[in-house]
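Participant: File name work_13.txt; file contents compact mmCIF, C-alpha atoms and all ligand atoms; full text below.
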```txt
# COMPACT_ATOMS: atom_id res chain seq x y z
CA MET A 231 100.61 115.43 122.42
CA SER A 232 100.48 113.15 119.40
CA ILE A 233 101.64 109.51 119.42
CA ASN A 234 104.38 109.02 116.85
CA ILE A 235 105.56 105.47 116.22
CA LEU A 236 108.67 104.72 114.17
CA ALA A 237 108.77 101.10 112.98
CA ILE A 238 111.51 98.96 111.49
CA GLU A 239 111.04 95.82 109.39
CA SER A 240 114.02 93.65 108.41
CA SER A 241 112.76 90.06 108.56
CA CYS A 242 113.87 88.95 105.10
CA ASP A 243 115.26 90.92 102.16
CA ASP A 244 113.44 94.26 102.46
CA THR A 245 114.74 96.99 104.75
CA SER A 246 111.82 99.20 105.67
CA CYS A 247 111.02 102.04 108.05
CA ALA A 248 107.66 103.73 108.58
CA VAL A 249 106.30 106.51 110.76
CA ILE A 250 102.69 106.74 111.91
CA CYS A 251 101.32 109.73 113.80
CA ASP A 252 98.17 109.14 115.85
CA GLY A 253 97.48 106.03 113.78
CA ILE A 254 97.87 107.73 110.39
CA LEU A 255 100.71 106.66 108.09
CA LYS A 256 103.16 109.48 107.33
CA SER A 257 105.92 107.55 105.57
CA ASN A 258 106.76 104.00 104.51
CA VAL A 259 110.20 103.64 102.92
CA ILE A 260 111.25 100.25 101.52
CA ALA A 261 114.70 99.33 100.17
CA SER A 262 114.51 96.04 98.30
CA GLN A 263 117.70 94.04 97.88
CA LYS A 264 118.63 93.27 94.28
CA VAL A 265 121.75 91.31 95.27
CA HIS A 266 119.77 88.03 95.57
CA GLU A 267 118.55 87.99 91.95
CA ALA A 268 121.80 86.42 90.76
CA TYR A 269 121.34 83.48 93.15
CA GLY A 270 117.69 82.63 92.46
CA GLY A 271 116.72 83.07 96.12
CA VAL A 272 117.52 85.04 99.25
CA VAL A 273 121.08 84.45 100.55
CA PRO A 274 120.80 85.07 104.32
CA GLU A 275 124.33 86.40 104.87
CA LEU A 276 124.04 88.82 101.95
CA ALA A 277 120.63 89.93 103.25
CA SER A 278 122.05 90.88 106.67
CA ARG A 279 124.90 92.82 105.10
CA ALA A 280 122.51 94.70 102.79
CA HIS A 281 120.28 95.53 105.80
CA GLN A 282 123.31 97.03 107.55
CA GLN A 283 124.00 99.22 104.51
CA ASN A 284 120.37 100.23 104.02
CA ILE A 285 119.09 100.81 107.51
CA VAL A 286 120.51 104.28 108.24
CA PRO A 287 119.44 105.87 104.90
CA VAL A 288 116.02 104.16 105.08
CA VAL A 289 115.32 105.42 108.62
CA SER A 290 116.57 108.93 107.76
CA GLU A 291 114.36 109.03 104.68
CA ALA A 292 111.30 107.82 106.61
CA LEU A 293 111.81 110.61 109.18
CA ARG A 294 112.32 113.17 106.40
CA GLN A 295 109.18 112.11 104.49
CA ALA A 296 107.14 112.13 107.70
CA ASN A 297 108.48 115.63 108.41
CA ILE A 298 109.22 114.67 111.98
CA LYS A 299 112.29 114.94 114.22
CA LYS A 300 113.76 111.98 116.09
CA GLU A 301 113.00 113.74 119.38
CA GLU A 302 109.27 113.67 118.56
CA ILE A 303 109.14 109.84 118.38
CA SER A 304 107.01 108.27 121.15
CA ALA A 305 108.12 104.63 120.70
CA ILE A 306 110.11 102.34 118.40
CA ALA A 307 108.35 99.25 117.03
CA TYR A 308 110.32 96.52 115.28
CA THR A 309 109.83 93.06 113.79
CA ARG A 310 111.04 90.52 116.36
CA GLY A 311 110.36 87.51 114.09
CA PRO A 312 109.76 85.15 112.44
CA GLY A 313 112.32 85.61 109.69
CA LEU A 314 116.02 85.20 108.90
CA LEU A 315 117.94 85.53 112.15
CA GLY A 316 120.80 87.61 110.73
CA SER A 317 118.35 90.00 109.05
CA LEU A 318 116.25 90.29 112.20
CA LEU A 319 119.35 91.03 114.28
CA VAL A 320 120.10 94.13 112.22
CA GLY A 321 116.61 95.62 112.66
CA THR A 322 116.38 94.51 116.29
CA SER A 323 119.76 95.99 117.24
CA PHE A 324 119.04 99.24 115.43
CA ALA A 325 115.59 99.55 117.06
CA LYS A 326 117.05 98.91 120.50
CA GLY A 327 119.86 101.43 119.96
CA MET A 328 117.38 104.04 118.83
CA ALA A 329 115.04 103.37 121.77
CA ILE A 330 117.95 103.74 124.21
CA GLY A 331 119.24 106.86 122.46
CA LEU A 332 115.85 108.56 122.45
CA ASN A 333 114.81 107.15 125.84
CA VAL A 334 111.47 105.86 124.47
CA PRO A 335 109.74 102.49 124.87
CA LEU A 336 110.42 99.56 122.57
CA ILE A 337 107.60 97.47 121.05
CA ASP A 338 108.23 93.99 119.63
CA VAL A 339 105.96 92.97 116.76
CA ASN A 340 105.28 89.49 115.38
CA HIS A 341 105.74 89.75 111.60
CA LEU A 342 102.73 87.51 110.92
CA HIS A 343 100.51 89.56 113.23
CA ALA A 344 101.61 92.65 111.31
CA HIS A 345 100.62 91.07 107.95
CA ALA A 346 97.25 90.03 109.42
CA LEU A 347 96.65 93.60 110.68
CA SER A 348 97.83 95.35 107.50
CA GLN A 349 94.26 96.29 106.60
CA PHE A 350 94.39 98.69 109.58
CA ILE A 351 97.08 100.82 107.91
CA LYS A 352 95.38 104.20 107.56
CA GLU A 353 96.62 106.75 105.07
CA ASN A 354 93.76 109.11 105.93
CA ALA A 355 91.67 109.47 109.09
CA GLU A 356 88.50 108.48 107.21
CA ASP A 357 89.92 105.20 105.82
CA GLU A 358 87.67 102.28 106.80
CA VAL A 359 88.97 99.20 108.60
CA PRO A 360 87.56 95.66 108.95
CA GLU A 361 85.56 94.46 111.93
CA PHE A 362 86.80 91.77 114.31
CA PRO A 363 86.55 88.84 113.98
CA TYR A 364 87.71 88.45 110.40
CA LEU A 365 89.55 85.90 108.31
CA CYS A 366 92.95 86.68 106.84
CA LEU A 367 94.38 84.65 103.98
CA LEU A 368 98.07 85.10 104.77
CA VAL A 369 100.13 84.00 101.80
CA SER A 370 103.80 84.80 101.34
CA GLY A 371 107.14 83.28 100.43
CA GLY A 372 107.30 81.50 103.77
CA ASN A 373 103.67 81.10 104.87
CA SER A 374 100.27 79.99 103.62
CA GLN A 375 97.71 80.25 106.38
CA ILE A 376 94.08 80.98 107.05
CA VAL A 377 93.99 83.03 110.23
CA LEU A 378 90.97 83.88 112.34
CA VAL A 379 91.76 87.35 113.67
CA LYS A 380 89.64 87.74 116.82
CA SER A 381 91.38 90.94 117.95
CA ALA A 382 94.71 92.70 117.42
CA ASP A 383 96.41 90.33 119.85
CA ASN A 384 94.28 87.20 119.59
CA MET A 385 94.68 85.20 116.39
CA GLU A 386 94.09 81.55 115.63
CA ILE A 387 95.53 79.61 112.69
CA LEU A 388 92.66 77.58 111.22
CA GLY A 389 94.74 76.02 108.47
CA GLN A 390 98.27 76.19 107.11
CA THR A 391 100.55 74.56 104.62
CA ILE A 392 101.92 71.17 105.55
CA ASP A 393 104.87 71.59 103.16
CA ASP A 394 105.66 74.51 100.82
CA ALA A 395 104.18 78.00 100.91
CA ALA A 396 102.21 79.38 97.94
CA GLY A 397 105.03 81.87 97.24
CA GLU A 398 107.53 79.02 97.08
CA ALA A 399 105.33 77.26 94.51
CA PHE A 400 105.31 80.44 92.39
CA ASP A 401 109.06 81.01 92.78
CA LYS A 402 110.20 77.41 92.24
CA CYS A 403 107.97 76.87 89.18
CA ALA A 404 109.26 80.21 87.84
CA LYS A 405 112.80 78.89 88.26
CA VAL A 406 111.88 75.77 86.24
CA MET A 407 110.80 78.14 83.44
CA GLY A 408 114.04 80.15 83.73
CA LEU A 409 112.29 83.29 85.04
CA PRO A 410 114.18 85.63 87.40
CA TYR A 411 113.78 85.54 91.20
CA PRO A 412 111.32 86.26 92.73
CA GLY A 413 109.20 84.56 90.11
CA GLY A 414 105.72 85.37 91.47
CA PRO A 415 105.37 88.82 89.88
CA HIS A 416 106.75 87.53 86.53
CA ILE A 417 104.21 84.69 86.46
CA ASP A 418 101.47 87.19 87.34
CA ASN A 419 102.42 89.43 84.38
CA LEU A 420 102.79 86.58 81.88
CA ALA A 421 99.57 84.90 83.05
CA ALA A 422 97.58 87.94 81.92
CA ARG A 423 98.03 86.90 78.28
CA GLY A 424 97.84 83.12 78.66
CA ASP A 425 95.12 80.45 78.56
CA GLU A 426 94.48 79.34 82.14
CA ASN A 427 92.73 76.14 81.03
CA ARG A 428 95.50 74.94 78.71
CA PHE A 429 97.38 72.78 81.25
CA LYS A 430 96.04 70.79 84.20
CA PHE A 431 98.19 70.34 87.31
CA SER A 432 97.45 68.17 90.31
CA LYS A 433 95.61 69.62 93.29
CA PRO A 434 96.05 68.34 96.86
CA GLN A 435 93.36 66.27 98.53
CA ILE A 436 93.97 66.92 102.20
CA PRO A 437 91.30 67.23 104.87
CA GLY A 438 90.39 70.32 106.89
CA LEU A 439 91.71 73.78 106.11
CA ASP A 440 95.37 72.89 105.60
CA TYR A 441 97.24 73.53 102.36
CA SER A 442 99.87 71.63 100.40
CA PHE A 443 101.82 72.84 97.37
CA SER A 444 104.61 70.30 96.96
CA GLY A 445 102.53 67.97 94.71
CA LEU A 446 101.65 70.85 92.41
CA LYS A 447 105.34 71.74 92.08
CA THR A 448 106.18 68.18 91.04
CA SER A 449 103.24 68.01 88.66
CA PHE A 450 104.40 71.28 87.04
CA LEU A 451 107.97 69.99 86.74
CA TYR A 452 106.80 66.75 85.05
CA THR A 453 104.60 68.66 82.58
CA VAL A 454 107.57 70.80 81.56
CA ARG A 455 109.96 67.82 81.45
CA ASP A 456 107.57 65.76 79.28
CA GLY A 457 106.83 68.75 77.03
CA MET A 458 110.53 69.35 76.47
CA LYS A 459 111.07 65.74 75.39
CA GLU A 460 108.75 66.42 72.45
CA ASN A 461 109.78 70.02 71.84
CA PRO A 462 113.00 71.57 73.21
CA GLU A 463 111.34 75.00 72.84
CA PHE A 464 108.33 73.86 74.92
CA ILE A 465 108.78 76.51 77.65
CA GLN A 466 109.25 79.46 75.28
CA ASP A 467 106.39 78.28 73.02
CA ASN A 468 103.96 77.91 75.93
CA LEU A 469 105.24 80.39 78.53
CA ALA A 470 102.08 82.49 78.97
CA ASP A 471 99.79 79.43 79.04
CA LEU A 472 102.02 77.65 81.58
CA CYS A 473 101.97 80.74 83.81
CA ALA A 474 98.21 81.26 83.49
CA SER A 475 97.43 77.58 84.19
CA LEU A 476 99.81 77.47 87.15
CA GLN A 477 98.38 80.67 88.63
CA LYS A 478 94.82 79.41 88.22
CA THR A 479 95.71 76.16 90.01
CA ILE A 480 97.35 77.99 92.95
CA VAL A 481 94.40 80.39 93.22
CA ASP A 482 91.89 77.50 93.08
CA ILE A 483 93.73 75.70 95.89
CA LEU A 484 93.82 78.84 98.05
CA LEU A 485 90.18 79.76 97.45
CA ASN A 486 88.81 76.27 97.99
CA LYS A 487 89.94 76.28 101.65
CA LEU A 488 89.13 79.95 102.17
CA LYS A 489 85.54 79.25 101.09
CA LYS A 490 85.34 76.38 103.59
CA ALA A 491 86.70 78.66 106.33
CA ILE A 492 84.12 81.37 105.58
CA LYS A 493 81.30 78.82 105.85
CA GLN A 494 82.78 77.20 108.96
CA THR A 495 83.32 80.42 110.93
CA GLY A 496 80.43 82.56 109.66
CA VAL A 497 82.66 85.68 109.68
CA ARG A 498 81.48 88.75 107.73
CA HIS A 499 84.89 90.18 106.76
CA VAL A 500 87.84 88.69 104.85
CA THR A 501 91.28 90.24 104.32
CA ILE A 502 94.40 89.10 102.49
CA GLY A 503 98.06 89.70 103.30
CA GLY A 504 101.61 88.60 102.44
CA GLY A 505 103.50 88.93 99.18
CA VAL A 506 101.34 86.48 97.22
CA SER A 507 98.27 88.62 97.96
CA ALA A 508 99.75 91.07 95.41
CA ASN A 509 98.83 88.49 92.76
CA SER A 510 96.07 89.59 90.36
CA GLY A 511 94.48 86.12 90.31
CA VAL A 512 94.39 85.96 94.13
CA ARG A 513 92.95 89.48 94.44
CA ASN A 514 90.22 88.96 91.81
CA GLY A 515 89.47 85.47 93.08
CA VAL A 516 89.03 86.56 96.71
CA GLU A 517 86.87 89.48 95.65
CA GLN A 518 84.58 87.23 93.57
CA LEU A 519 84.41 84.53 96.24
CA CYS A 520 83.44 87.06 98.93
CA LYS A 521 80.78 88.56 96.67
CA LYS A 522 79.30 85.10 96.15
CA GLU A 523 79.41 84.28 99.87
CA GLY A 524 77.93 87.68 100.84
CA VAL A 525 80.93 88.77 102.94
CA LYS A 526 83.09 91.90 102.66
CA ALA A 527 86.50 91.51 100.99
CA TRP A 528 89.31 93.88 102.02
CA ILE A 529 91.95 94.00 99.30
CA PRO A 530 95.04 95.97 100.40
CA LYS A 531 97.16 98.21 98.21
CA ARG A 532 99.96 96.16 96.66
CA VAL A 533 102.64 98.11 98.59
CA PHE A 534 101.15 96.85 101.87
CA THR A 535 101.06 93.19 100.81
CA THR A 536 104.81 92.52 100.61
CA ASP A 537 107.10 93.16 103.59
CA ASN A 538 106.77 96.75 104.80
CA ALA A 539 107.20 98.69 108.03
CA ALA A 540 103.78 100.41 107.78
CA MET A 541 102.15 97.19 108.97
CA VAL A 542 104.71 96.87 111.79
CA ALA A 543 103.98 100.45 112.87
CA THR A 544 100.24 99.73 112.80
CA ALA A 545 100.58 96.55 114.86
CA GLY A 546 102.92 98.48 117.18
CA TYR A 547 100.35 101.24 117.60
CA PHE A 548 97.79 98.70 118.90
CA LYS A 549 100.36 97.59 121.48
CA TYR A 550 101.34 101.16 122.37
CA LEU A 551 97.73 101.97 123.24
CA LYS A 552 97.74 99.02 125.67
CA GLU A 553 101.22 99.99 126.95
CA GLU A 554 102.62 96.62 125.91
CA PHE A 555 106.30 97.46 125.75
CA CYS A 556 109.19 95.00 125.73
CA PRO A 557 112.49 94.81 127.60
CA LEU A 558 115.71 95.76 125.84
CA ASP A 559 117.18 92.28 126.27
CA LEU A 560 114.44 90.50 124.29
CA PRO A 561 116.12 88.35 121.60
CA PRO A 562 114.76 88.07 118.04
CA PHE A 563 113.27 84.74 116.96
CA ALA A 564 113.64 82.98 113.61
CA ARG A 565 110.59 80.74 113.97
CA VAL A 566 107.42 81.23 115.90
CA LYS A 567 103.74 80.56 115.66
CA LEU A 568 101.12 83.29 115.52
O1 LIG A 601 105.58 88.57 102.07
P1 LIG A 601 106.76 88.57 101.17
O2 LIG A 601 107.18 89.90 100.58
O3 LIG A 601 108.04 88.03 101.91
C1 LIG A 601 108.37 86.71 102.20
O4 LIG A 601 107.56 85.91 102.65
O5 LIG A 601 109.59 86.46 102.00
O6 LIG A 601 106.44 87.53 100.01
C2 LIG A 601 107.32 87.24 98.96
C3 LIG A 601 106.64 86.26 98.02
C4 LIG A 601 107.55 85.71 96.94
O7 LIG A 601 107.38 84.31 96.90
C5 LIG A 601 107.02 86.37 95.67
O8 LIG A 601 107.22 85.62 94.50
C6 LIG A 601 105.57 86.51 96.00
O9 LIG A 601 105.54 86.90 97.36
N1 LIG A 601 104.88 87.52 95.16
C7 LIG A 601 103.97 87.20 94.23
C8 LIG A 601 103.58 88.42 93.62
N2 LIG A 601 104.28 89.44 94.21
C9 LIG A 601 105.08 88.86 95.16
N3 LIG A 601 103.46 86.01 93.88
C10 LIG A 601 102.55 86.01 92.90
N4 LIG A 601 102.14 87.12 92.26
C11 LIG A 601 102.62 88.34 92.58
N5 LIG A 601 102.20 89.44 91.94
```
For the structure just supplied, provide its representation as structure tokens.
Ligand code: KG4
Facilitator:
Amino acid sequence: MSINILAIESSCDDTSCAVICDGILKSNVIASQKVHEAYGGVVPELASRAHQQNIVPVVSEALRQANIKKEEISAIAYTRGPGLLGSLLVGTSFAKGMAIGLNVPLIDVNHLHAHALSQFIKENAEDEVPEFPYLCLLVSGGNSQIVLVKSADNMEILGQTIDDAAGEAFDKCAKVMGLPYPGGPHIDNLAARGDENRFKFSKPQIPGLDYSFSGLKTSFLYTVRDGMKENPEFIQDNLADLCASLQKTIVDILLNKLKKAIKQTGVRHVTIGGGVSANSGVRNGVEQLCKKEGVKAWIPKRVFTTDNAAMVATAGYFKYLKEEFCPLDLPPFARVKL
């Protein structure tokens, strides 16, 4: 009998459901919430309400696309945390209800583990996967970490941001330029036609493998403020160059520490995950760095970089094989380490 895992992801502002059958992805449905655009950031209460509206149609669609009946599900995996508590509660409660209704085991998944394992999402049986141990550059709206992935359930954070995440730097600088939320993808698009060497922004000087992005944010803000004193149209006149220079600085900061980590650990495989790993500069930069260092770079499809249930299903499948199920009274958690 095949192992069919249905997974639910609701940690932030994407409601997602995926089905994997014997480790192969059959469906991955994502409903993104547009309601936050007007506010320039995710509004937690609105996110939970939108999850409540989206979850039934998203789960139904994932089952339909996978061509599978509810009764054929072997286990329900769900994101336990970290994330927004109200959002997590919707996915957690739904997953528990479904597990009770179908009388199947429940599998709790750490959202960060899922991102770090996203390279194991298989769309076809012959898809290759990285070898343990590998490094994962995990960069999203809430995290910027270099993780040593020793196995599916043994991960060590080698370095992480001491203040803002890389995604926050993208989004907040985008806000300064009047770009819509989330700003990362807009900066990525505009950067393609800008001069990345036009503006210089400050880079952090902190020891070890930790990151910092708050100084860069301030440096960006001051450049724009000073430019606007001279020319009120400074942003519009220099938009592409500002985006390209900002993106280059963020990528340089990320790669500098990743290079150190590769040398320090001697790993042969490097993956990337989290929303910011959809960025063209990050993807090209990691690929070039790995080539130079003689290690293999695993660059995921963009759909598997931002929040998605396919990665939760994949992480859940690892746990299913080890029969690591969780009790029905397990609460979600907003904050947690890897
Ligand atoms: O992992 P994710 O979907 O969820 C959260 O952590 O909330 O990451 C979202 C972040 C946002 O900051 C967004 O601006 C950023 O990922 N992002 C990008 C790109 N696509 C998404 N940043 C830069 N370039 C992109 N192409």
Participant: Given the choices A:Met458, A:Cys556, A:Val542, A:Leu519, which gets closest to A:His341 if the distance is worked out from all atoms listed in the file?
Facilitator: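 Of the candidates, the smallest distance to A:His341 is held by A:Val542.
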Participant: At a cut-off of 9 Å and counting all atoms listed in the file, what residues surround ligand LIG 601 (chain A)? Please answer as a short mmCIF file (atom, residue, chain, number, x, y, z; two decimals) with C-alpha atoms, in the coordinates of the input.
Facilitator:
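Wrote it out as selection09.cif, contents follow:
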```cif
data_model
loop_
_atom_site.label_atom_id
_atom_site.label_comp_id
_atom_site.auth_asym_id
_atom_site.auth_seq_id
_atom_site.Cartn_x
_atom_site.Cartn_y
_atom_site.Cartn_z
CA SER A 241 112.76 90.06 108.56
CA CYS A 242 113.87 88.95 105.10
CA ASP A 243 115.26 90.92 102.16
CA ASP A 244 113.44 94.26 102.46
CA VAL A 272 117.52 85.04 99.25
CA GLY A 313 112.32 85.61 109.69
CA HIS A 345 100.62 91.07 107.95
CA LEU A 368 98.07 85.10 104.77
CA VAL A 369 100.13 84.00 101.80
CA SER A 370 103.80 84.80 101.34
CA GLY A 371 107.14 83.28 100.43
CA GLY A 372 107.30 81.50 103.77
CA ASN A 373 103.67 81.10 104.87
CA ALA A 395 104.18 78.00 100.91
CA ALA A 396 102.21 79.38 97.94
CA GLY A 397 105.03 81.87 97.24
CA GLU A 398 107.53 79.02 97.08
CA ALA A 399 105.33 77.26 94.51
CA PHE A 400 105.31 80.44 92.39
CA ASP A 401 109.06 81.01 92.78
CA LYS A 402 110.20 77.41 92.24
CA ALA A 404 109.26 80.21 87.84
CA TYR A 411 113.78 85.54 91.20
CA PRO A 412 111.32 86.26 92.73
CA GLY A 413 109.20 84.56 90.11
CA GLY A 414 105.72 85.37 91.47
CA PRO A 415 105.37 88.82 89.88
CA HIS A 416 106.75 87.53 86.53
CA ILE A 417 104.21 84.69 86.46
CA ASP A 418 101.47 87.19 87.34
CA ASN A 419 102.42 89.43 84.38
CA GLN A 477 98.38 80.67 88.63
CA GLY A 503 98.06 89.70 103.30
CA GLY A 504 101.61 88.60 102.44
CA GLY A 505 103.50 88.93 99.18
CA VAL A 506 101.34 86.48 97.22
CA SER A 507 98.27 88.62 97.96
CA ALA A 508 99.75 91.07 95.41
CA ASN A 509 98.83 88.49 92.76
CA SER A 510 96.07 89.59 90.36
CA GLY A 511 94.48 86.12 90.31
CA VAL A 512 94.39 85.96 94.13
CA ARG A 532 99.96 96.16 96.66
CA THR A 535 101.06 93.19 100.81
CA THR A 536 104.81 92.52 100.61
CA ASP A 537 107.10 93.16 103.59
CA ASN A 538 106.77 96.75 104.80
#
```
Participant: Taking 4 positions as the minimum chain separation for residues in the same chain, which residues sit within 8 Å of A:Ile337 when counting only C-alpha atoms? Answer as a list in words.
Facilitator: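 In the requested form, the answer reads Ala305, Ile306, Ala307, Tyr308, Gly546, Lys549, Tyr550, Glu554, Phe555 and Cys556 of chain A.
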Participant: Rounded to one decimal in Å, what is the spacing between atom CA of A:Gly515 and atom CA of A:Val481?
Facilitator: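 Rounded to one decimal, the two atoms are 7.1 Å apart.
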Participant: Could you tell me how far atom CA of A:Leu276 lies from atom CA of A:Gln295, in Å and to one decimal?
Facilitator: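 Result for atom CA of A:Leu276 versus atom CA of A:Gln295: 27.7 Å, one decimal.
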Participant: Calculated over only C-alpha atoms, which of the candidates A:His266, A:Lys300, A:Arg498, A:Lys552 has the smallest distance to A:Leu236?
Facilitator: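 Ranked by minimum distance to A:Leu236, first place goes to A:Lys300.
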Participant: Which residue, A:Pro410, A:Gly496, A:Asn427, A:Lys478, has the smallest gap to A:Ala268 when you use all atoms listed in the file?
Facilitator: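 Answer, going by the shortest atom-to-atom distance: A:Pro410.
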Participant: Got a sec: who's within 12 Å of A:Val286, counting all atoms listed in the file, leaving out chain neighbours fewer than 5 positions off, as a VMD selection string?
Facilitator: chain A and resid 238 245 to 247 259 261 280 to 281 291 to 293 320 to 321 324 to 325 328
Participant: Residues of the last selection are to be written out with C-alpha atoms, as a PDB file, in the coordinates of the input.
Facilitator:
```pdb
ATOM      1  CA  ILE A 238     111.510  98.960 111.490  1.00  0.00           C
ATOM      2  CA  THR A 245     114.740  96.990 104.750  1.00  0.00           C
ATOM      3  CA  SER A 246     111.820  99.200 105.670  1.00  0.00           C
ATOM      4  CA  CYS A 247     111.020 102.040 108.050  1.00  0.00           C
ATOM      5  CA  VAL A 259     110.200 103.640 102.920  1.00  0.00           C
ATOM      6  CA  ALA A 261     114.700  99.330 100.170  1.00  0.00           C
ATOM      7  CA  ALA A 280     122.510  94.700 102.790  1.00  0.00           C
ATOM      8  CA  HIS A 281     120.280  95.530 105.800  1.00  0.00           C
ATOM      9  CA  GLU A 291     114.360 109.030 104.680  1.00  0.00           C
ATOM     10  CA  ALA A 292     111.300 107.820 106.610  1.00  0.00           C
ATOM     11  CA  LEU A 293     111.810 110.610 109.180  1.00  0.00           C
ATOM     12  CA  VAL A 320     120.100  94.130 112.220  1.00  0.00           C
ATOM     13  CA  GLY A 321     116.610  95.620 112.660  1.00  0.00           C
ATOM     14  CA  PHE A 324     119.040  99.240 115.430  1.00  0.00           C
ATOM     15  CA  ALA A 325     115.590  99.550 117.060  1.00  0.00           C
ATOM     16  CA  MET A 328     117.380 104.040 118.830  1.00  0.00           C
TER      17      MET A 328
END
```
Participant: Would you mind reading off the distance between atom CA of A:Ile235 and atom CA of A:Ala382, one decimal, in Å?
Facilitator: 16.8 Å
Participant: List as a ChimeraX atom specification: which residues have an atom within 7 Å of (100.3, 98.1, 103.5), counting all atoms listed in the file?
Facilitator: /A:348,351,530-531,533-535,538,540-541
Participant: Could I get stretch 381-394 of chain A from the block written out with N, CA, C and O atoms, as a CSV table (one decimal), in the first residue's frame?
Facilitator:
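Contents of the output file part14.csv:
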```
chain,number,residue,atom,x,y,z
A,381,SER,N,21.4,15.6,9.1
A,381,SER,CA,20.4,14.6,8.6
A,381,SER,C,19.1,15.3,8.6
A,381,SER,O,19.0,16.5,9.0
A,382,ALA,N,18.0,14.6,8.3
A,382,ALA,CA,16.7,15.2,8.2
A,382,ALA,C,16.2,15.7,9.6
A,382,ALA,O,15.4,16.6,9.7
A,383,ASP,N,16.7,15.1,10.7
A,383,ASP,CA,16.3,15.6,12.0
A,383,ASP,C,17.5,16.1,12.9
A,383,ASP,O,17.3,16.3,14.1
A,384,ASN,N,18.6,16.4,12.2
A,384,ASN,CA,19.7,16.9,13.0
A,384,ASN,C,20.3,18.1,12.3
A,384,ASN,O,21.0,17.9,11.3
A,385,MET,N,20.0,19.3,12.7
A,385,MET,CA,20.5,20.5,12.0
A,385,MET,C,21.1,21.4,13.1
A,385,MET,O,20.7,21.5,14.2
A,386,GLU,N,22.2,22.1,12.6
A,386,GLU,CA,22.9,23.1,13.5
A,386,GLU,C,23.0,24.4,12.8
A,386,GLU,O,23.4,24.5,11.7
A,387,ILE,N,22.6,25.5,13.6
A,387,ILE,CA,22.7,26.8,13.0
A,387,ILE,C,24.1,27.3,13.2
A,387,ILE,O,24.6,27.4,14.4
A,388,LEU,N,24.8,27.5,12.1
A,388,LEU,CA,26.2,28.0,12.3
A,388,LEU,C,26.3,29.5,12.4
A,388,LEU,O,27.2,30.0,13.0
A,389,GLY,N,25.3,30.2,11.8
A,389,GLY,CA,25.3,31.6,11.9
A,389,GLY,C,23.9,32.1,11.6
A,389,GLY,O,23.1,31.4,10.9
A,390,GLN,N,23.6,33.3,12.2
A,390,GLN,CA,22.2,33.8,11.9
A,390,GLN,C,22.2,35.3,12.2
A,390,GLN,O,23.2,35.9,12.7
A,391,THR,N,21.2,36.0,11.7
A,391,THR,CA,21.1,37.4,11.9
A,391,THR,C,21.0,37.8,13.3
A,391,THR,O,20.3,37.2,14.1
A,392,ILE,N,21.7,38.9,13.7
A,392,ILE,CA,21.6,39.4,15.0
A,392,ILE,C,20.6,40.5,15.1
A,392,ILE,O,20.3,41.0,16.2
A,393,ASP,N,20.0,40.9,14.0
A,393,ASP,CA,18.9,41.9,14.0
A,393,ASP,C,17.9,41.6,13.0
A,393,ASP,O,17.1,40.7,13.2
A,394,ASP,N,17.9,42.2,11.8
A,394,ASP,CA,16.9,42.0,10.8
A,394,ASP,C,17.2,40.8,9.9
A,394,ASP,O,18.4,40.5,9.7
```
